[in-house]
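This report refers to the structure that appears directly beneath it.
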Number of protein chains: 2
Amino acid sequence: MVVKTTERTRWRESRRRSAREAIIQGAWTLVREEGLAALSIRELASRVGITTPTVYAYFESKNAIYDAMFGQAAIEFRDAMAAPHNVEDQKELLLADVHRFFAFSLSDTARYQLLFQRTLPGFEPSPESYAPAQQALAGARRRLADIGITASRHLDLFTALVTGLVDQQVANDPGGKRWSQLAKEAVDMFVTHCQAAKVSKSRLLIHPAQ
Amino acid sequence: MVVKTTERTRWRESRRRSAREAIIQGAWTLVREEGLAALSIRELASRVGITTPTVYAYFESKNAIYDAMFGQAAIEFRDAMAAPHNVEDQKELLLADVHRFFAFSLSDTARYQLLFQRTLPGFEPSPESYAPAQQALAGARRRLADIGITASRHLDLFTALVTGLVDQQVANDPGGKRWSQLAKEAVDMFVTHCQAAKVSKSRLLIHPAQ
DNA sequence: GTCTATAGCTGGATAGAC
DNA sequence: GTCTATCCAGCTATAGAC
């Protein structure tokens with residue numbers, strides 16, 4: 001009861017800023033501790049210091065909470081990837097982006113799971129929540145185009161390579177760098193391959209009979 | 001009631017072979033239809049034509065059912081990957097393995113999810129169930145060694161690349177071949193890269209002073 | 001807006017008769 | 001081994017008082 005009182009005091013303080021924000025924050029700490037799928041309205045309310053009906057005063061359903069979390073995470077992702085770099089070389093920029101993706105993913109694996117793995121049964125993000133993530137992917141496409149990689153199959157190969165590395169890292173060695181340390185080698189391999197493909201293609205254009 | 005009767009008839013027939021087998025089969029059809037996490041003992045029992053206590057006569061818990069499914073899937077995986085090939089070239093063999101992995105994964109995405117994605121909260125396969133999968137991974141390691149790729153970082157790069165491609169395919173285009181058609185290009189890229197790394201390393205050995 | 005109280009459901013698992 | 005009946009816990013969500 002005493003504990004409840006301090007929680008409610010905290011609640012009233014945070015209300016001055018935003019009640020929705022406070023609930024979302026509680027949801028994040030909960031899923032970080034107990035897993036993304038373990039979000040429970042009761043547990044969430046109890047931790048934030050309110051009751052379940054109050055949660056429903058701010059969100060119409062549990063999936064609405066997931067959607068708000070997704071929207072927040074997508075904005076964080078876009079902003080993290082859009083921050084300016086202090087290198088010039090185009091290939092270095094691409095590698096820096098990959099490192100950023102690793103850092104973003106590993107700094108909060110629950111967020112990573114929500115954003116990039118379709119693991120919540122029955123949940124689909126709303127278009128509004130999804131939009132910022134699409135902007136970030138468009139940025140990646142631009143980065144590749146800047147070094148002359150535009151073929152759609154190469155974009156697909158790149159996403160598969162990078163998400164494959166990050167997935168392995170998150171799933172099998174979340175605190176280490178067994179796969180993240182392969183980022184540079186992987187980007188080198190990929191860029192070399194794409195440029196070689198381009199050269200052989202231009203040779204074909206010069207000597208079409210070959 | 002009439003329906004129940006026919007289900008129980010089917011049950012008695014299947015009992016002659018193996019009760020556990022019949023329950024596992026029902027579990028597979030259930031998770032294929034409703035998702036891996038949606039396995040429910042009640043629903044499972046109802047579909048197979050028995051009651052929940054009967055299920056507990058054959059499996060001590062729900063996770064024991066998952067474990068039996070995992071063990072069966074791991075054996076199927078090992079056998080699928082170990083079947084003989086009818087090509088000779090070592091690089092072709094590696095590519096054939098990748099194609100087999102795609103085919104195996106896409107032919108049953110629930111099975112893929114159980115075997116290769118850690119998505120069930122609280123479930124860990126027992127060592128006995130896991131063993132066949134390890135044998136298959138050892139086969140992949142041997143295949144890479146046959147073409148001179150032995151560096152552990154290259155094994156990690158290879159698994160990340162292949163699982164990345166398969167993950168994208170399973171998650172975003174399960175009926176198509178948007179990523180599976182990149183298998184050959186990806187394997188070429190990877191093998192070329194590893195062999196180039198080897199050449200430059202041997203050069204360093206010949207001229208250690210650079 | 002926030003509470004108490006509870007509806008209504010589904011889940012895993014078990015007791016005990018047969 | 002298989003059933004009926006049930007326990008107990010958890011969940012989302014809501015009714016209605018204040």
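Note on naming: chains are A, B, ... as they come in the structure tokens, residues start from 1 per chain, ligands start from 1 in the order shown.
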task: With a distance cut-off of 12 Å and only C-alpha atoms (C1' of nucleotides), select the neighbouring residues of range 1-16 of chain D, excluding the residue or stretch itself and same-chain residues fewer than 4 positions from it, and output the selection as a ChimeraX atom specification.
output: /A:38-43,52-57,59-63 /B:8,12,15,19,49-58 /C:3-18
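For range 24-29 of chain B, the set of protein, DNA and RNA residues having any atom at most 8 Å away, when counting only C-alpha atoms (C1' of nucleotides) and skipping those fewer than 2 positions along the same chain, is B:Arg20, B:Glu21, B:Ala22, B:Val31, B:Arg32, B:Glu33, B:Leu39, B:Leu44, B:Arg47, B:Val48, B:Ile65, B:Ala68, B:Met69.
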Please report as a tab-separated table (two decimals) with C-alpha atoms, in the first residue's frame which residues of chain A come no farther than 7 Å from chain B, using only C-alpha atoms.
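Written file, out-v5.tsv:
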```
chain	number	residue	atom	x	y	z
A	160	ALA	CA	19.82	-10.07	-46.62
A	161	LEU	CA	23.54	-9.87	-45.82
A	163	THR	CA	20.10	-8.41	-41.50
A	164	GLY	CA	21.63	-11.89	-41.53
A	165	LEU	CA	24.67	-10.62	-39.66
A	168	GLN	CA	22.96	-13.86	-35.77
A	189	MET	CA	32.92	-8.38	-50.17
A	193	HIS	CA	31.22	-8.07	-56.00
```
- line: One decimal place gives the CA of Gly71 in chain A-CA of Leu144 in chain A separation as 25.7 Å
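For the pair CA of Phe77 in chain B and CA of Pro174 in chain A, the interatomic distance is 26.3 Å.
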- request: Would you list, as a ChimeraX atom specification, the residues of range 92-154 of chain B that end up in alpha helix (DSSP H) under DSSP run on this structure's backbone?
  value: /B:92-106,109-116,127-146,152-154
